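A.B. asks: target00.pdb is the file, holding PDB, C-alpha atoms and all ligand atoms:
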```
ATOM      1  CA  MET C 933     -31.318 -37.023  28.470  1.00  0.00           C
ATOM      2  CA  ARG C 934     -28.779 -34.546  29.774  1.00  0.00           C
ATOM      3  CA  PHE C 935     -26.109 -36.224  27.660  1.00  0.00           C
ATOM      4  CA  LEU C 936     -28.215 -35.924  24.511  1.00  0.00           C
ATOM      5  CA  LEU C 937     -28.754 -32.230  25.110  1.00  0.00           C
ATOM      6  CA  LEU C 938     -25.037 -31.700  25.564  1.00  0.00           C
ATOM      7  CA  ALA C 939     -24.286 -33.596  22.360  1.00  0.00           C
ATOM      8  CA  LEU C 940     -26.795 -31.435  20.498  1.00  0.00           C
ATOM      9  CA  LEU C 941     -25.251 -28.234  21.810  1.00  0.00           C
ATOM     10  CA  LEU C 942     -21.791 -29.402  20.803  1.00  0.00           C
ATOM     11  CA  ALA C 943     -23.033 -30.229  17.315  1.00  0.00           C
ATOM     12  CA  LEU C 944     -24.565 -26.779  16.956  1.00  0.00           C
ATOM     13  CA  ALA C 945     -21.378 -25.125  18.146  1.00  0.00           C
ATOM     14  CA  ALA C 946     -19.365 -27.083  15.596  1.00  0.00           C
ATOM     15  CA  CYS C 947     -21.647 -25.949  12.785  1.00  0.00           C
ATOM     16  CA  GLY C 948     -21.723 -22.321  13.843  1.00  0.00           C
ATOM     17  CA  GLY C 949     -18.020 -21.704  13.772  1.00  0.00           C
ATOM     18  CA  ASP C 950     -16.339 -18.353  13.670  1.00  0.00           C
ATOM     19  CA  GLY C 951     -13.177 -19.006  11.684  1.00  0.00           C
ATOM     20  CA  ALA C 952     -12.199 -17.327   8.481  1.00  0.00           C
ATOM     21  CA  GLY C 953     -12.571 -20.589   6.606  1.00  0.00           C
ATOM     22  CA  ASP C 954     -16.313 -20.594   7.118  1.00  0.00           C
ATOM     23  CA  GLY C 955     -18.367 -19.254   4.318  1.00  0.00           C
ATOM     24  CA  GLU C 956     -20.543 -19.873   1.356  1.00  0.00           C
ATOM     25  CA  SER C 957     -19.566 -21.503  -1.888  1.00  0.00           C
ATOM     26  CA  ILE C 958     -20.757 -20.731  -5.403  1.00  0.00           C
ATOM     27  CA  GLU C 959     -20.380 -22.467  -8.725  1.00  0.00           C
ATOM     28  CA  GLY C 960     -21.069 -20.960 -12.128  1.00  0.00           C
ATOM     29  CA  THR C 961     -19.578 -19.658 -15.351  1.00  0.00           C
ATOM     30  CA  ASP C 962     -19.793 -15.943 -14.655  1.00  0.00           C
ATOM     31  CA  VAL C 963     -20.229 -15.302 -10.975  1.00  0.00           C
ATOM     32  CA  VAL C 964     -20.608 -12.126  -8.939  1.00  0.00           C
ATOM     33  CA  VAL C 965     -18.939 -11.862  -5.557  1.00  0.00           C
ATOM     34  CA  ASP C 966     -19.651  -9.018  -3.156  1.00  0.00           C
ATOM     35  CA  MET C 967     -16.830  -7.789  -0.969  1.00  0.00           C
ATOM     36  CA  PHE C 968     -18.401  -6.891   2.361  1.00  0.00           C
ATOM     37  CA  ASP C 969     -16.924  -5.396   5.553  1.00  0.00           C
ATOM     38  CA  ASN C 970     -14.799  -7.420   5.995  1.00  0.00           C
ATOM     39  CA  ARG C 971     -15.357 -10.701   4.198  1.00  0.00           C
ATOM     40  CA  PHE C 972     -16.057 -12.077   0.764  1.00  0.00           C
ATOM     41  CA  GLU C 973     -19.630 -13.113   0.034  1.00  0.00           C
ATOM     42  CA  PHE C 974     -18.287 -16.486  -1.115  1.00  0.00           C
ATOM     43  CA  THR C 975     -15.110 -18.082   0.189  1.00  0.00           C
ATOM     44  CA  GLU C 976     -15.137 -20.970  -2.277  1.00  0.00           C
ATOM     45  CA  ILE C 977     -15.738 -20.113  -5.921  1.00  0.00           C
ATOM     46  CA  ARG C 978     -15.773 -22.656  -8.754  1.00  0.00           C
ATOM     47  CA  ILE C 979     -15.777 -21.622 -12.399  1.00  0.00           C
ATOM     48  CA  PRO C 980     -14.746 -23.364 -15.640  1.00  0.00           C
ATOM     49  CA  VAL C 981     -11.670 -22.325 -17.623  1.00  0.00           C
ATOM     50  CA  GLY C 982     -12.710 -19.162 -19.445  1.00  0.00           C
ATOM     51  CA  GLY C 983     -15.208 -18.223 -16.761  1.00  0.00           C
ATOM     52  CA  SER C 984     -15.246 -14.910 -14.966  1.00  0.00           C
ATOM     53  CA  VAL C 985     -15.680 -13.401 -11.546  1.00  0.00           C
ATOM     54  CA  THR C 986     -17.044  -9.911 -11.048  1.00  0.00           C
ATOM     55  CA  TRP C 987     -15.712  -8.571  -7.763  1.00  0.00           C
ATOM     56  CA  VAL C 988     -18.017  -5.889  -6.368  1.00  0.00           C
ATOM     57  CA  GLY C 989     -17.319  -3.439  -3.569  1.00  0.00           C
ATOM     58  CA  ALA C 990     -20.206  -3.694  -1.116  1.00  0.00           C
ATOM     59  CA  GLY C 991     -19.100  -2.089   2.102  1.00  0.00           C
ATOM     60  CA  ALA C 992     -18.056   1.118   3.773  1.00  0.00           C
ATOM     61  CA  ASN C 993     -14.408   0.065   3.613  1.00  0.00           C
ATOM     62  CA  PRO C 994     -12.322  -0.269   0.454  1.00  0.00           C
ATOM     63  CA  HIS C 995     -11.699  -3.850  -0.641  1.00  0.00           C
ATOM     64  CA  ASN C 996      -9.905  -5.809  -3.339  1.00  0.00           C
ATOM     65  CA  ALA C 997      -9.117  -9.359  -4.393  1.00  0.00           C
ATOM     66  CA  VAL C 998      -5.491 -10.327  -4.914  1.00  0.00           C
ATOM     67  CA  GLU C 999      -4.122 -13.775  -5.672  1.00  0.00           C
ATOM     68  CA  ALA C1000      -1.705 -15.028  -2.988  1.00  0.00           C
ATOM     69  CA  ASN C1001       1.183 -15.318  -5.484  1.00  0.00           C
ATOM     70  CA  GLU C1002       0.190 -12.137  -7.302  1.00  0.00           C
ATOM     71  CA  LEU C1003      -0.902 -14.083 -10.368  1.00  0.00           C
ATOM     72  CA  TRP C1004      -3.933 -11.821 -10.718  1.00  0.00           C
ATOM     73  CA  SER C1005      -5.536  -8.893  -8.979  1.00  0.00           C
ATOM     74  CA  THR C1006      -8.611  -6.715  -9.244  1.00  0.00           C
ATOM     75  CA  GLU C1007      -6.189  -3.794  -9.385  1.00  0.00           C
ATOM     76  CA  THR C1008      -5.192  -4.699 -12.951  1.00  0.00           C
ATOM     77  CA  VAL C1009      -8.775  -4.205 -14.116  1.00  0.00           C
ATOM     78  CA  PHE C1010     -10.041  -1.538 -11.747  1.00  0.00           C
ATOM     79  CA  GLY C1011      -6.839   0.481 -11.611  1.00  0.00           C
ATOM     80  CA  SER C1012      -6.788   0.706  -7.834  1.00  0.00           C
ATOM     81  CA  LEU C1013      -6.866  -1.522  -4.768  1.00  0.00           C
ATOM     82  CA  ASP C1014      -9.628   0.629  -3.309  1.00  0.00           C
ATOM     83  CA  GLN C1015     -12.965  -0.626  -4.568  1.00  0.00           C
ATOM     84  CA  LEU C1016     -15.709   1.211  -2.750  1.00  0.00           C
ATOM     85  CA  GLU C1017     -19.399   0.417  -2.717  1.00  0.00           C
ATOM     86  CA  GLY C1018     -20.630  -0.291  -6.235  1.00  0.00           C
ATOM     87  CA  ASP C1019     -17.189  -0.455  -7.820  1.00  0.00           C
ATOM     88  CA  GLU C1020     -16.815  -3.522 -10.042  1.00  0.00           C
ATOM     89  CA  ALA C1021     -13.870  -5.410 -11.481  1.00  0.00           C
ATOM     90  CA  THR C1022     -14.490  -8.353 -13.804  1.00  0.00           C
ATOM     91  CA  LEU C1023     -11.638 -10.788 -14.297  1.00  0.00           C
ATOM     92  CA  THR C1024     -11.659 -13.668 -16.787  1.00  0.00           C
ATOM     93  CA  TYR C1025      -9.705 -16.769 -15.822  1.00  0.00           C
ATOM     94  CA  ASN C1026      -8.163 -18.788 -18.646  1.00  0.00           C
ATOM     95  CA  THR C1027      -5.719 -20.846 -16.619  1.00  0.00           C
ATOM     96  CA  ARG C1028      -6.782 -23.912 -14.734  1.00  0.00           C
ATOM     97  CA  GLY C1029      -5.794 -23.911 -11.106  1.00  0.00           C
ATOM     98  CA  GLU C1030      -6.657 -23.410  -7.489  1.00  0.00           C
ATOM     99  CA  TYR C1031      -5.974 -19.926  -6.222  1.00  0.00           C
ATOM    100  CA  ILE C1032      -6.042 -18.429  -2.756  1.00  0.00           C
ATOM    101  CA  PHE C1033      -7.197 -14.841  -2.903  1.00  0.00           C
ATOM    102  CA  TYR C1034      -7.413 -12.193  -0.211  1.00  0.00           C
ATOM    103  CA  CYS C1035      -8.130  -8.557   0.446  1.00  0.00           C
ATOM    104  CA  THR C1036      -4.894  -6.692   1.108  1.00  0.00           C
ATOM    105  CA  TYR C1037      -6.589  -4.624   3.833  1.00  0.00           C
ATOM    106  CA  HIS C1038      -8.423  -7.358   5.714  1.00  0.00           C
ATOM    107  CA  GLY C1039      -6.722 -10.648   4.957  1.00  0.00           C
ATOM    108  CA  ASN C1040      -3.451 -12.212   3.953  1.00  0.00           C
ATOM    109  CA  GLY C1041      -1.953 -14.601   1.424  1.00  0.00           C
ATOM    110  CA  GLU C1042      -2.065 -17.419   3.945  1.00  0.00           C
ATOM    111  CA  GLY C1043      -5.822 -17.399   3.552  1.00  0.00           C
ATOM    112  CA  ASP C1044      -6.537 -15.771   6.900  1.00  0.00           C
ATOM    113  CA  GLY C1045      -9.157 -13.119   7.490  1.00  0.00           C
ATOM    114  CA  MET C1046     -10.848 -11.757   4.373  1.00  0.00           C
ATOM    115  CA  ALA C1047      -9.775 -14.504   1.982  1.00  0.00           C
ATOM    116  CA  GLY C1048     -11.057 -17.399  -0.070  1.00  0.00           C
ATOM    117  CA  THR C1049     -10.309 -19.985  -2.731  1.00  0.00           C
ATOM    118  CA  LEU C1050     -11.020 -19.780  -6.447  1.00  0.00           C
ATOM    119  CA  ILE C1051     -11.004 -23.058  -8.330  1.00  0.00           C
ATOM    120  CA  VAL C1052     -10.768 -22.754 -12.119  1.00  0.00           C
ATOM    121  CA  GLY C1053     -11.289 -26.006 -13.953  1.00  0.00           C
ATOM    122  CA  ASP C1054     -13.724 -28.740 -14.614  1.00  0.00           C
ATOM    123  CA  GLY C1055     -14.604 -29.017 -10.948  1.00  0.00           C
TER     124      GLY C1055
HETATM  125 CU    CU E   1     -11.281  -5.858   2.517  1.00  0.00          CU
END
```
Output the file's structure as structure tokens, nothing else.
Ligand SMILES: [Cu+2]

C.D. replies:
Amino acid sequence: MRFLLLALLLALAACGGDGAGDGESIEGTDVVVDMFDNRFEFTEIRIPVGGSVTWVGAGANPHNAVEANELWSTETVFGSLDQLEGDEATLTYNTRGEYIFYCTYHGNGEGDGMAGTLIVGDG
């Protein structure tokens, strides 16, 4: 009995997690992603070629979404890296690929911290 309880606790701990890789995923054609303090609402986003993501500031801190190799950035649409609460930047993605994105203030191009993955394609 004691062993079972221990196994259960370990399973719960494994599910809980606290790493940056944990997060929610979303799939759609035109998706909306809030940028909270200090994480993205979704860390795995799947859209088809030609789909869009609307990146929305939703925190007290400024946020942005920048592709790890600088292939795209919310700055190009919004005009600034500082999206505050309610500020929106909609980007359309016409090139198939898998992109790591991050917030320049709270993450990095290695996918640590405030970061995620955008998959553009047929899924
Ligand atoms: Cu941020």

A.B. asks: Suppose you want the space between atom CA of Gly1039 of chain C and atom CA of Ser984 of chain C; what is it in Å?

C.D. replies: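 Taking atom CA of Gly1039 of chain C as the start and atom CA of Ser984 of chain C as the end point, the length is 22.1 Å.
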
A.B. asks: On this structure, the PyMOL selection byres (((chain C and resi 1006) around 7) and not hetatm) would catch which residues? List them as a VMD selection string, sorted by chain and number.

C.D. replies: chain C and resid 996 to 998 1005 1007 to 1010 1021

A.B. asks: Set the cut-off to 8 Å, count all atoms listed in the file, and list whatever residues fall near ligand CU 1 (chain E) as a ChimeraX atom specification.

C.D. replies: /C:967-971,993-996,1034-1039,1046

A.B. asks: Just want the 6 Å neighbourhood of segment 985-987 of chain C, counted on all atoms listed in the file, with same-chain residues fewer than 5 positions away dropped. Output as an NGL selection string.

C.D. replies: :C and (962-965 or 1020-1023)

A.B. asks: What is the atom CA of Phe1033 of chain C-atom CA of Glu959 of chain C distance in Å, reported with one decimal?

C.D. replies: 16.3 Å

A.B. asks: Have a look at atom CA of Glu956 of chain C and atom CA of Gly1045 of chain C and let me know their distance in Å, one decimal.

C.D. replies: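 Here the two named atoms are 14.6 Å from each other.
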
A.B. asks: Could you put an axis-aligned box around every listed atom of segment 984-994 of chain C, padded by 6 Å on each side, and send me its centre and edge lengths in Å to one decimal, as lines of an AutoDock Vina configuration file?

C.D. replies:
```
center_x = -16.3
center_y = -6.9
center_z = -5.6
size_x = 19.9
size_y = 28.0
size_z = 30.7
```

A.B. asks: Which residues, named as in the file, does the PyMOL selection byres (((chain C and resi 958) around 7) and not hetatm) pick out? Answer as a short mmCIF file (atom, residue, chain, number, x, y, z; two decimals) with C-alpha atoms, in the coordinates of the input.

C.D. replies:
```
data_model
loop_
_atom_site.label_atom_id
_atom_site.label_comp_id
_atom_site.auth_asym_id
_atom_site.auth_seq_id
_atom_site.Cartn_x
_atom_site.Cartn_y
_atom_site.Cartn_z
CA GLU C 956 -20.54 -19.87 1.36
CA SER C 957 -19.57 -21.50 -1.89
CA GLU C 959 -20.38 -22.47 -8.72
CA GLY C 960 -21.07 -20.96 -12.13
CA PHE C 974 -18.29 -16.49 -1.12
CA GLU C 976 -15.14 -20.97 -2.28
CA ILE C 977 -15.74 -20.11 -5.92
CA ARG C 978 -15.77 -22.66 -8.75
#
```

A.B. asks: From the list C:Asp1019, C:Tyr1031, C:Ala1047, C:Gly955, which residue is nearest Trp1004 of chain C when using all atoms listed in the file?

C.D. replies: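 Once distances to Trp1004 of chain C are computed over all atoms listed in the file, the minimum belongs to C:Tyr1031.
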
A.B. asks: Which is closest to Ile979 of chain C among C:Thr961, C:Ser1012, C:Asn1026, C:Asn1040, if we use all atoms listed in the file?

C.D. replies: C:Thr961

A.B. asks: Pull out every residue that the PyMOL selection byres (((chain C and resi 1052) around 6) and not hetatm) matches in the shown coordinates and put them as a ChimeraX atom specification.

C.D. replies: /C:979-981,1028-1029,1051,1053

A.B. asks: Residues within 8 Å of Asp966 of chain C, please, as an NGL selection string. Count all atoms listed in the file; anything in the same chain fewer than 5 positions from it doesn't count.

C.D. replies: :C and (972-974 or 987-990)
